[in-house]
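Trainee: Please find input.csv (CSV, C-alpha atoms) on the next line:
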```csv
chain,number,residue,atom,x,y,z
A,1,MET,CA,7.0,4.6,-15.2
A,2,PRO,CA,4.9,1.4,-15.0
A,3,GLU,CA,4.1,-0.3,-18.3
A,4,TRP,CA,1.8,-3.0,-19.5
A,5,LYS,CA,2.5,-4.6,-22.9
A,6,GLY,CA,4.5,-1.5,-23.9
A,7,ILE,CA,1.8,0.9,-22.8
A,8,ASP,CA,2.7,3.6,-20.3
A,9,LEU,CA,0.1,3.2,-17.7
A,10,ALA,CA,0.6,6.7,-16.2
A,11,ARG,CA,-0.1,8.4,-19.6
A,12,LEU,CA,-2.9,5.9,-20.2
A,13,SER,CA,-4.5,7.1,-17.0
A,14,VAL,CA,-4.3,10.7,-18.2
A,15,VAL,CA,-6.1,9.7,-21.5
A,16,ILE,CA,-8.8,7.8,-19.6
A,17,ILE,CA,-9.4,10.9,-17.3
A,18,PHE,CA,-9.6,13.1,-20.4
A,19,ILE,CA,-12.2,10.8,-22.0
A,20,LEU,CA,-14.3,10.3,-18.8
A,21,THR,CA,-14.4,14.1,-18.0
A,22,PRO,CA,-17.4,14.8,-20.3
A,23,VAL,CA,-19.2,11.6,-19.1
A,24,TYR,CA,-18.8,12.7,-15.5
A,25,PHE,CA,-20.0,16.3,-15.9
A,26,PHE,CA,-23.0,15.4,-18.1
A,27,LEU,CA,-24.0,12.8,-15.5
A,28,LEU,CA,-23.5,15.3,-12.7
A,29,MET,CA,-25.7,17.8,-14.4
A,30,GLY,CA,-28.3,15.1,-15.0
A,31,LEU,CA,-28.4,14.5,-11.3
A,32,ILE,CA,-28.6,18.2,-10.5
A,33,ASN,CA,-31.4,18.8,-12.9
A,34,GLN,CA,-33.7,16.7,-10.7
A,35,ASP,CA,-34.5,19.6,-8.4
A,36,PRO,CA,-38.0,21.1,-9.0
A,37,PHE,CA,-37.4,24.8,-8.1
A,38,ASN,CA,-34.4,27.1,-8.0
A,39,PRO,CA,-35.1,30.8,-6.9
A,40,PHE,CA,-32.1,32.1,-8.8
A,41,THR,CA,-32.9,30.2,-12.0
A,42,TYR,CA,-36.6,31.2,-11.9
A,43,TYR,CA,-36.2,34.9,-11.0
A,44,ILE,CA,-33.1,35.7,-13.1
A,45,ILE,CA,-32.8,33.4,-16.1
A,46,GLU,CA,-36.4,32.1,-16.7
A,47,TYR,CA,-38.1,35.4,-16.0
A,48,TYR,CA,-36.0,37.4,-18.5
A,49,PHE,CA,-34.9,34.8,-21.0
A,50,GLY,CA,-37.5,32.0,-20.8
A,51,LYS,CA,-37.6,28.4,-19.8
A,52,ASP,CA,-35.9,27.1,-22.9
A,53,VAL,CA,-32.9,29.3,-22.5
A,54,GLU,CA,-32.5,28.2,-18.9
A,55,THR,CA,-32.7,24.6,-19.9
A,56,ILE,CA,-30.0,25.0,-22.6
A,57,ILE,CA,-27.7,26.8,-20.0
A,58,ARG,CA,-28.4,24.1,-17.5
A,59,THR,CA,-28.1,21.0,-19.6
A,60,ILE,CA,-25.7,21.9,-22.4
A,61,ILE,CA,-23.7,25.1,-21.8
A,62,THR,CA,-22.8,24.5,-18.1
A,63,PRO,CA,-21.3,21.0,-18.6
A,64,ILE,CA,-19.5,22.2,-21.8
A,65,PHE,CA,-17.8,25.1,-20.0
A,66,PHE,CA,-16.8,22.7,-17.2
A,67,ILE,CA,-15.4,20.1,-19.7
A,68,ILE,CA,-13.5,22.7,-21.7
A,69,VAL,CA,-11.8,24.1,-18.6
A,70,TRP,CA,-10.7,20.7,-17.3
A,71,TRP,CA,-9.6,19.6,-20.8
A,72,MET,CA,-7.4,22.7,-21.1
A,73,PHE,CA,-6.0,22.1,-17.7
A,74,ILE,CA,-5.3,18.4,-18.4
A,75,LEU,CA,-3.7,19.2,-21.8
A,76,ALA,CA,-1.6,22.1,-20.4
A,77,TYR,CA,-0.2,19.8,-17.7
A,78,LYS,CA,-0.4,16.4,-19.3
A,79,ASN,CA,3.2,15.5,-18.5
A,80,LYS,CA,2.8,16.8,-15.0
A,81,PHE,CA,-0.3,14.7,-14.5
A,82,ALA,CA,1.4,11.5,-15.9
A,83,ASN,CA,4.5,12.1,-13.7
A,84,SER,CA,2.2,12.8,-10.7
A,85,PHE,CA,0.7,9.3,-11.0
A,86,SER,CA,4.2,7.8,-11.1
A,87,GLU,CA,5.1,9.9,-8.1
A,88,ILE,CA,2.0,8.7,-6.2
A,89,ARG,CA,2.9,5.1,-7.1
A,90,GLN,CA,6.4,5.6,-5.6
A,91,THR,CA,5.1,7.4,-2.6
A,92,THR,CA,2.5,4.8,-1.7
A,93,SER,CA,4.7,1.8,-2.4
A,94,VAL,CA,5.0,1.3,1.4
A,95,ILE,CA,1.2,1.3,1.9
A,96,PRO,CA,-0.5,-2.1,1.8
A,97,ILE,CA,-2.4,-2.7,-1.4
A,98,ARG,CA,-5.6,-3.6,0.5
A,99,TRP,CA,-5.6,-0.1,2.0
A,100,MET,CA,-4.9,1.5,-1.4
A,101,ILE,CA,-7.9,-0.3,-2.9
A,102,PHE,CA,-10.2,0.2,0.0
A,103,TYR,CA,-9.4,3.8,0.8
A,104,GLY,CA,-8.7,4.6,-2.9
A,105,PHE,CA,-12.2,3.7,-4.0
A,106,ASN,CA,-13.7,5.6,-1.1
A,107,GLY,CA,-11.4,8.6,-1.6
A,108,ILE,CA,-12.1,9.0,-5.3
A,109,PHE,CA,-15.9,8.6,-4.7
A,110,THR,CA,-15.8,11.4,-2.1
A,111,ILE,CA,-13.7,13.7,-4.2
A,112,LEU,CA,-16.0,13.4,-7.2
A,113,THR,CA,-19.1,13.8,-5.0
A,114,PHE,CA,-18.1,16.7,-2.7
A,115,ILE,CA,-15.0,18.4,-3.9
A,116,VAL,CA,-14.9,18.6,-7.7
A,117,PRO,CA,-18.5,19.9,-8.1
A,118,TYR,CA,-17.7,22.9,-5.9
A,119,ILE,CA,-14.3,23.9,-7.2
A,120,THR,CA,-15.1,23.6,-10.9
A,121,PRO,CA,-17.3,26.7,-11.3
A,122,PHE,CA,-14.5,28.8,-9.7
A,123,PHE,CA,-12.0,27.1,-12.1
A,124,VAL,CA,-14.2,28.3,-14.9
A,125,ILE,CA,-14.2,31.9,-13.6
A,126,ILE,CA,-10.4,31.9,-13.0
A,127,ALA,CA,-9.8,30.5,-16.5
A,128,PHE,CA,-12.0,33.0,-18.3
A,129,ALA,CA,-10.6,35.9,-16.2
A,130,SER,CA,-7.1,34.8,-17.4
A,131,PHE,CA,-8.3,34.8,-21.0
A,132,ALA,CA,-9.7,38.3,-20.6
A,133,TRP,CA,-6.5,39.6,-18.9
A,134,ALA,CA,-4.4,38.0,-21.7
A,135,ILE,CA,-6.4,40.0,-24.3
A,136,ILE,CA,-6.2,43.2,-22.3
A,137,ARG,CA,-2.5,42.8,-21.7
A,138,ASN,CA,-1.8,42.4,-25.5
A,139,SER,CA,-4.2,45.2,-26.6
A,140,GLU,CA,-1.5,47.9,-27.1
A,141,PHE,CA,-4.1,50.4,-28.6
A,142,ALA,CA,-6.0,50.4,-25.3
A,143,TRP,CA,-2.8,51.0,-23.3
A,144,ASP,CA,-1.9,53.9,-25.6
A,145,ARG,CA,-5.2,55.8,-25.1
A,146,GLY,CA,-4.9,56.5,-21.4
A,147,LYS,CA,-6.1,55.1,-18.1
A,148,ALA,CA,-9.7,56.0,-18.5
A,149,PHE,CA,-10.1,54.3,-21.9
A,150,LEU,CA,-8.1,51.3,-20.6
A,151,ALA,CA,-10.4,50.9,-17.5
A,152,PHE,CA,-13.5,51.1,-19.7
A,153,TYR,CA,-12.0,48.7,-22.2
A,154,SER,CA,-11.0,46.3,-19.4
A,155,LEU,CA,-14.5,46.5,-17.9
A,156,ILE,CA,-16.1,45.5,-21.3
A,157,ILE,CA,-13.6,42.6,-21.9
A,158,PHE,CA,-14.0,41.2,-18.4
A,159,GLY,CA,-17.8,41.6,-18.6
A,160,LEU,CA,-17.9,39.7,-21.9
A,161,PHE,CA,-15.7,36.9,-20.7
A,162,LEU,CA,-17.1,36.6,-17.1
A,163,ALA,CA,-20.8,37.1,-17.7
A,164,MET,CA,-21.5,33.5,-18.6
A,165,PRO,CA,-19.1,31.9,-16.1
A,166,ILE,CA,-20.7,33.9,-13.2
A,167,LEU,CA,-24.1,33.0,-14.4
A,168,ILE,CA,-23.0,29.3,-14.5
A,169,LEU,CA,-21.5,29.6,-11.0
A,170,PHE,CA,-24.8,30.7,-9.4
A,171,GLU,CA,-26.9,28.4,-11.6
A,172,PHE,CA,-24.8,25.4,-10.7
A,173,VAL,CA,-23.9,26.1,-7.0
A,174,THR,CA,-27.5,27.1,-6.0
A,175,LYS,CA,-28.9,23.9,-7.6
A,176,TYR,CA,-26.2,21.8,-6.0
A,177,VAL,CA,-27.0,23.3,-2.6
A,178,ILE,CA,-30.7,22.7,-3.1
A,179,ILE,CA,-30.3,19.0,-3.9
A,180,PHE,CA,-27.6,18.5,-1.2
A,181,ASN,CA,-30.2,16.8,1.0
A,182,GLN,CA,-31.1,14.4,-1.8
A,183,ILE,CA,-27.4,13.6,-2.3
A,184,MET,CA,-27.0,12.9,1.4
A,185,GLU,CA,-30.1,10.6,1.3
A,186,ILE,CA,-28.6,8.7,-1.6
A,187,TRP,CA,-25.3,8.7,0.2
A,188,ASN,CA,-26.8,7.2,3.4
A,189,ASN,CA,-28.6,4.5,1.4
A,190,PHE,CA,-25.7,3.6,-0.9
A,191,LEU,CA,-22.7,4.1,1.3
A,192,PRO,CA,-23.0,0.9,3.5
A,193,PHE,CA,-23.1,-1.3,0.4
A,194,PHE,CA,-20.2,0.6,-1.3
A,195,TYR,CA,-18.3,0.5,2.0
A,196,GLU,CA,-18.8,-3.3,2.5
A,197,PHE,CA,-17.9,-4.0,-1.1
A,198,SER,CA,-14.6,-2.2,-0.7
A,199,ILE,CA,-13.9,-4.2,2.4
A,200,ILE,CA,-14.5,-7.4,0.5
A,201,ILE,CA,-11.9,-6.4,-2.1
A,202,ALA,CA,-9.5,-5.5,0.6
A,203,ASN,CA,-10.0,-8.8,2.4
A,204,ALA,CA,-9.2,-10.8,-0.8
A,205,LEU,CA,-6.0,-8.7,-1.3
A,206,ALA,CA,-5.0,-9.2,2.4
A,207,ILE,CA,-4.9,-13.0,2.0
A,208,GLY,CA,-3.1,-12.6,-1.3
A,209,SER,CA,-0.5,-10.3,0.3
A,210,LEU,CA,0.1,-13.1,2.9
A,211,PHE,CA,1.1,-15.6,0.2
A,212,TRP,CA,3.1,-12.9,-1.6
A,213,MET,CA,5.0,-12.1,1.6
A,214,ILE,CA,5.8,-15.8,2.2
A,215,TYR,CA,7.3,-16.3,-1.3
A,216,ALA,CA,9.0,-12.9,-1.3
A,217,GLY,CA,10.5,-13.6,2.2
A,218,ALA,CA,11.8,-17.0,0.9
A,219,ALA,CA,13.4,-15.3,-2.1
A,220,GLU,CA,15.0,-12.7,0.1
A,221,PHE,CA,16.4,-15.4,2.4
A,222,GLU,CA,17.8,-17.3,-0.5
A,223,LYS,CA,19.5,-14.2,-1.8
A,224,GLU,CA,21.2,-13.6,1.6
A,225,SER,CA,22.2,-17.3,1.9
A,226,PHE,CA,23.3,-18.1,-1.6
A,227,SER,CA,25.3,-15.1,-2.7
A,228,GLY,CA,22.5,-13.1,-4.2
A,229,MET,CA,20.9,-16.1,-6.0
A,230,ALA,CA,17.2,-16.7,-5.4
A,231,MET,CA,15.6,-20.0,-6.6
A,232,THR,CA,12.1,-19.0,-5.4
A,233,GLU,CA,10.0,-16.8,-7.6
A,234,VAL,CA,6.9,-15.0,-6.5
A,235,PRO,CA,3.9,-16.5,-8.4
A,236,GLU,CA,2.3,-13.2,-9.1
A,237,ASN,CA,-0.2,-14.5,-11.6
A,238,GLU,CA,-1.3,-17.4,-9.4
A,239,ILE,CA,-1.7,-15.0,-6.4
A,240,LYS,CA,-3.9,-12.7,-8.6
A,241,VAL,CA,-6.1,-15.7,-9.5
A,242,LEU,CA,-6.3,-16.7,-5.8
A,243,GLU,CA,-7.4,-13.1,-4.9
A,244,LEU,CA,-10.0,-13.2,-7.6
A,245,ILE,CA,-11.4,-16.5,-6.4
A,246,LEU,CA,-11.5,-15.2,-2.8
A,247,PHE,CA,-13.2,-12.0,-3.9
A,248,VAL,CA,-16.0,-14.0,-5.6
A,249,ALA,CA,-16.3,-16.3,-2.6
A,250,PHE,CA,-16.5,-13.4,-0.1
A,251,LEU,CA,-18.9,-11.4,-2.3
A,252,THR,CA,-21.2,-14.4,-2.5
A,253,ILE,CA,-21.2,-14.9,1.2
A,254,TRP,CA,-21.9,-11.2,1.7
A,255,ILE,CA,-24.8,-11.1,-0.7
A,256,TYR,CA,-26.4,-14.0,1.0
A,257,SER,CA,-25.8,-12.4,4.4
A,258,LEU,CA,-27.8,-9.3,3.5
A,259,PRO,CA,-31.3,-10.6,4.6
A,260,PRO,CA,-31.9,-9.9,8.3
A,261,ALA,CA,-32.5,-13.6,9.1
A,262,ALA,CA,-29.0,-14.7,7.8
A,263,THR,CA,-27.4,-14.4,11.2
A,264,THR,CA,-24.9,-17.2,10.7
A,265,LEU,CA,-23.6,-15.8,7.4
A,266,LYS,CA,-23.3,-12.3,9.0
A,267,LEU,CA,-21.2,-13.9,11.8
A,268,ILE,CA,-19.0,-15.6,9.1
A,269,MET,CA,-18.5,-12.3,7.4
A,270,THR,CA,-17.6,-10.6,10.6
A,271,ILE,CA,-15.0,-13.4,11.3
A,272,ILE,CA,-13.6,-13.0,7.7
A,273,ASN,CA,-13.3,-9.2,8.1
A,274,TRP,CA,-11.5,-9.4,11.4
A,275,THR,CA,-9.2,-12.3,10.2
A,276,CYS,CA,-8.3,-10.4,7.1
A,277,LEU,CA,-7.7,-7.2,9.1
A,278,ILE,CA,-5.3,-9.0,11.4
A,279,ILE,CA,-3.5,-10.7,8.4
A,280,GLY,CA,-3.2,-7.4,6.6
A,281,THR,CA,-1.9,-5.6,9.6
A,282,LEU,CA,0.7,-8.3,10.4
A,283,VAL,CA,1.8,-8.5,6.7
A,284,MET,CA,2.2,-4.7,6.7
A,285,PHE,CA,4.4,-4.6,9.8
A,286,ILE,CA,6.5,-7.6,8.8
A,287,CYS,CA,7.1,-6.2,5.3
A,288,PHE,CA,7.9,-2.8,6.9
A,289,PHE,CA,10.6,-4.2,9.2
A,290,LYS,CA,12.0,-6.7,6.8
A,291,GLY,CA,12.1,-4.2,3.9
A,292,LEU,CA,9.9,-6.2,1.6
A,293,GLY,CA,7.7,-4.4,-0.9
A,294,ARG,CA,6.1,-4.7,-4.3
A,295,GLY,CA,7.4,-2.4,-7.0
A,296,ASP,CA,9.9,0.4,-6.4
A,297,ASP,CA,12.5,-0.1,-3.8
A,298,LYS,CA,12.6,3.6,-2.9
A,299,ARG,CA,10.8,4.3,0.3
A,300,PRO,CA,10.3,8.0,0.7
A,301,PHE,CA,9.5,9.6,4.1
A,302,PHE,CA,6.3,11.1,2.8
A,303,GLY,CA,5.1,7.5,2.0
A,304,TYR,CA,5.6,6.5,5.6
A,305,PHE,CA,3.7,9.6,6.8
A,306,VAL,CA,0.7,8.7,4.6
A,307,MET,CA,0.9,5.1,5.8
A,308,ILE,CA,0.7,6.4,9.4
A,309,LEU,CA,-2.4,8.4,8.4
A,310,PHE,CA,-4.1,5.3,7.0
A,311,LEU,CA,-3.1,3.3,10.0
A,312,GLY,CA,-4.8,5.8,12.3
A,313,LEU,CA,-7.8,5.8,10.0
A,314,GLU,CA,-7.9,2.0,10.1
A,315,ALA,CA,-7.8,2.0,13.9
A,316,PHE,CA,-10.5,4.7,14.0
A,317,ARG,CA,-12.6,2.6,11.6
A,318,MET,CA,-12.4,-0.6,13.7
A,319,TYR,CA,-12.6,1.0,17.2
A,320,PRO,CA,-16.4,1.1,17.6
A,321,THR,CA,-16.8,-2.6,16.7
A,322,LEU,CA,-13.8,-3.6,18.9
A,323,ILE,CA,-14.5,-1.5,22.0
A,324,GLY,CA,-18.1,-0.5,21.6
A,325,GLY,CA,-19.4,-3.9,20.7
A,326,LEU,CA,-21.2,-2.7,17.6
A,327,LYS,CA,-22.0,-5.3,14.9
A,328,THR,CA,-21.9,-2.9,12.1
A,329,THR,CA,-20.1,0.4,11.3
A,330,PRO,CA,-22.4,3.4,12.0
A,331,ILE,CA,-23.2,5.5,9.0
A,332,ASP,CA,-21.8,8.7,10.7
A,333,LEU,CA,-18.5,6.9,11.1
A,334,MET,CA,-18.5,5.7,7.5
A,335,THR,CA,-19.1,9.3,6.4
A,336,ILE,CA,-16.2,10.6,8.5
A,337,ILE,CA,-13.9,7.9,7.2
A,338,MET,CA,-14.9,8.6,3.6
A,339,LEU,CA,-14.4,12.3,3.9
A,340,ALA,CA,-11.0,11.9,5.7
A,341,THR,CA,-10.0,9.4,3.0
A,342,GLY,CA,-10.9,11.9,0.3
A,343,ILE,CA,-8.9,14.6,2.0
A,344,ILE,CA,-5.8,12.4,2.4
A,345,PHE,CA,-5.9,11.3,-1.3
A,346,LEU,CA,-6.4,14.8,-2.4
A,347,PHE,CA,-3.4,15.9,-0.3
A,348,VAL,CA,-1.3,13.1,-1.7
A,349,PHE,CA,-2.2,14.0,-5.3
A,350,LEU,CA,-1.5,17.7,-4.7
A,351,VAL,CA,1.9,17.0,-3.2
A,352,ALA,CA,2.7,14.6,-6.0
A,353,PHE,CA,1.5,17.2,-8.6
A,354,VAL,CA,3.7,19.9,-7.1
A,355,ARG,CA,6.8,17.7,-7.0
A,356,ALA,CA,6.3,16.0,-10.4
A,357,PRO,CA,8.3,17.5,-13.3
A,358,ASP,CA,6.4,19.1,-16.2
A,359,GLU,CA,8.3,17.3,-18.9
A,360,ASP,CA,8.3,14.0,-20.8
A,361,ILE,CA,10.3,11.5,-18.8
A,362,ASP,CA,11.3,8.3,-20.6
```
Turn the structure described in the file into structure tokens.
Mentor:
Amino acid sequence: MPEWKGIDLARLSVVIIFILTPVYFFLLMGLINQDPFNPFTYYIIEYYFGKDVETIIRTIITPIFFIIVWWMFILAYKNKFANSFSEIRQTTSVIPIRWMIFYGFNGIFTILTFIVPYITPFFVIIAFASFAWAIIRNSEFAWDRGKAFLAFYSLIIFGLFLAMPILILFEFVTKYVIIFNQIMEIWNNFLPFFYEFSIIIANALAIGSLFWMIYAGAAEFEKESFSGMAMTEVPENEIKVLELILFVAFLTIWIYSLPPAATTLKLIMTIINWTCLIIGTLVMFICFFKGLGRGDDKRPFFGYFVMILFLGLEAFRMYPTLIGGLKTTPIDLMTIIMLATGIIFLFVFLVAFVRAPDEDID
């Protein structure tokens, strides 16, 4: 597992996710609470229990239920989660870092916006149904009193455990559906900036990967020529500093190119984007055929499969500007790419989660 100053980064990632879970759900409910009217809330909760009860359910009970279920899931599979991150790192070792950063940011943003909010209420119902069944299964007195009593007892237990989760399901999902147009409006306004910001990070990493490849190639050549001895070392820290400087420079140019009148700077950014795309693609193919790679030397087939998916996504992303003559990426294309990225990363995580052992691996 990767470490930094003796700290296991995979397990640190699990701890960070555990800490950020309540922050995410309370922020999410804060966004959802902006809708002015919800028929389900008004006619079911407010009408019978009052506005104050509805507010408590909406702002406190709902996020607490979501947090508890995710915390229980994370704690139950903490080793599997940590090993999943190590599995993902090994699987994606063949994928260029610029793609992992660019599509990683986009994929996580998409998953947290469109996938997690919809699956969480169902997780709550499944979890509390499991609790109810565990109680029923261990209630020997109910099993000894015949099928009729057992059915009545089970109905009561399931009702007690599922009443609030089902209420939360309708409360949350109906509100989320109501504000979906608002979310899409925010998405359309915010996405171009997030998208371009991700490209700037990827551009800096693409140039850094070129210098890394040059030094790594020289070291590999020396190993082959001098009986396994390599006099050249890859200056990892210096390359990281270079990437940071390039990121700041590209970010500055991009910010000043935002006004419509800054046509020259827009052209410069276009040239930078295309140059870094070509550099990143060439570095990827050269490292692929020469067997160069950062990190783990193992190169699983699944990693190549994911790399092909990202290569197709990259070609799809650049096609309109290359063939269609467009100066900017259309918002619909950005949305398709973001959703596809989220699905790919979710698929990679699920495969890694299934394959990862549920035990502490030193």
Trainee: Name all residues at most 12 Å from Leu244 in chain A (count only C-alpha atoms; drop same-chain ones fewer than 3 positions away) and give them as a ChimeraX atom specification.
Mentor: /A:200-208,237-241,247-251
Trainee: Please provide the set of residues having any atom within 9 Å of range 16-25 of chain A, restricted to only C-alpha atoms, with same-chain residues fewer than 4 positions apart removed, written as a ChimeraX atom specification.
Mentor: /A:11-12,29-30,62-64,66-68,70-71,74-75,112,117
Trainee: In Å, how far is it from CA of Tyr118 in chain A to CA of Val173 in chain A?
Mentor: 7.1 Å
Trainee: By how many Å are CA of Thr59 in chain A and CA of Leu160 in chain A apart?
Mentor: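 Separating CA of Thr59 in chain A from CA of Leu160 in chain A is a distance of 21.4 Å.
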Trainee: To one decimal in Å, tell me the separation between CA of Ile135 in chain A and CA of Ser154 in chain A.
Mentor: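 It comes out at 9.2 Å.
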Trainee: Choose the residue, out of A:Thr270, A:Thr120, A:Asn189, A:Ser139, that has the smallest atom-to-atom separation from Pro165 in chain A; count all atoms listed in the file.
Mentor: A:Thr120
Trainee: Give me, as a PDB file with C-alpha atoms, in the coordinates of the input, all polymer residues having an atom no more than 12 Å from Phe81 in chain A, counting only C-alpha atoms and skipping those fewer than 6 positions away in the same chain.
Mentor:
```
ATOM      1  CA  LEU A   9       0.100   3.200 -17.700  1.00  0.00           C
ATOM      2  CA  ALA A  10       0.600   6.700 -16.200  1.00  0.00           C
ATOM      3  CA  ARG A  11      -0.100   8.400 -19.600  1.00  0.00           C
ATOM      4  CA  LEU A  12      -2.900   5.900 -20.200  1.00  0.00           C
ATOM      5  CA  SER A  13      -4.500   7.100 -17.000  1.00  0.00           C
ATOM      6  CA  VAL A  14      -4.300  10.700 -18.200  1.00  0.00           C
ATOM      7  CA  VAL A  15      -6.100   9.700 -21.500  1.00  0.00           C
ATOM      8  CA  ILE A  17      -9.400  10.900 -17.300  1.00  0.00           C
ATOM      9  CA  PHE A  18      -9.600  13.100 -20.400  1.00  0.00           C
ATOM     10  CA  PHE A  73      -6.000  22.100 -17.700  1.00  0.00           C
ATOM     11  CA  ILE A  74      -5.300  18.400 -18.400  1.00  0.00           C
ATOM     12  CA  LEU A  75      -3.700  19.200 -21.800  1.00  0.00           C
ATOM     13  CA  GLU A  87       5.100   9.900  -8.100  1.00  0.00           C
ATOM     14  CA  ILE A  88       2.000   8.700  -6.200  1.00  0.00           C
ATOM     15  CA  PHE A 349      -2.200  14.000  -5.300  1.00  0.00           C
ATOM     16  CA  LEU A 350      -1.500  17.700  -4.700  1.00  0.00           C
ATOM     17  CA  VAL A 351       1.900  17.000  -3.200  1.00  0.00           C
ATOM     18  CA  ALA A 352       2.700  14.600  -6.000  1.00  0.00           C
ATOM     19  CA  PHE A 353       1.500  17.200  -8.600  1.00  0.00           C
ATOM     20  CA  VAL A 354       3.700  19.900  -7.100  1.00  0.00           C
ATOM     21  CA  ARG A 355       6.800  17.700  -7.000  1.00  0.00           C
ATOM     22  CA  ALA A 356       6.300  16.000 -10.400  1.00  0.00           C
ATOM     23  CA  PRO A 357       8.300  17.500 -13.300  1.00  0.00           C
ATOM     24  CA  ASP A 358       6.400  19.100 -16.200  1.00  0.00           C
ATOM     25  CA  GLU A 359       8.300  17.300 -18.900  1.00  0.00           C
ATOM     26  CA  ASP A 360       8.300  14.000 -20.800  1.00  0.00           C
ATOM     27  CA  ILE A 361      10.300  11.500 -18.800  1.00  0.00           C
TER      28      ILE A 361
END
```
Trainee: Return the single residue from A:Ile344, A:Val283, A:Ile272, A:Ile125 that is closest to Trp212 in chain A, with distances computed using all atoms listed in the file.
Mentor: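 For Trp212 in chain A, the nearest of the given residues is A:Val283.
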Trainee: Could you check which of A:Ala132, A:Phe158, A:Phe105, A:Met164 is closest to Phe197 in chain A, using all atoms listed in the file?
Mentor: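 Of A:Ala132, A:Phe158, A:Phe105, A:Met164, the one nearest Phe197 in chain A is A:Phe105, counting all atoms listed in the file.
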Trainee: Between A:Phe172, A:Trp143, A:Phe285, A:Tyr153, single out the one closest to Leu210 in chain A, counting only C-alpha atoms.
Mentor: A:Phe285
Trainee: For Phe194 in chain A, which residue among A:Thr110, A:Ser130, A:Ser257, A:Thr252 is the nearest when counting only C-alpha atoms?
Mentor: A:Thr110
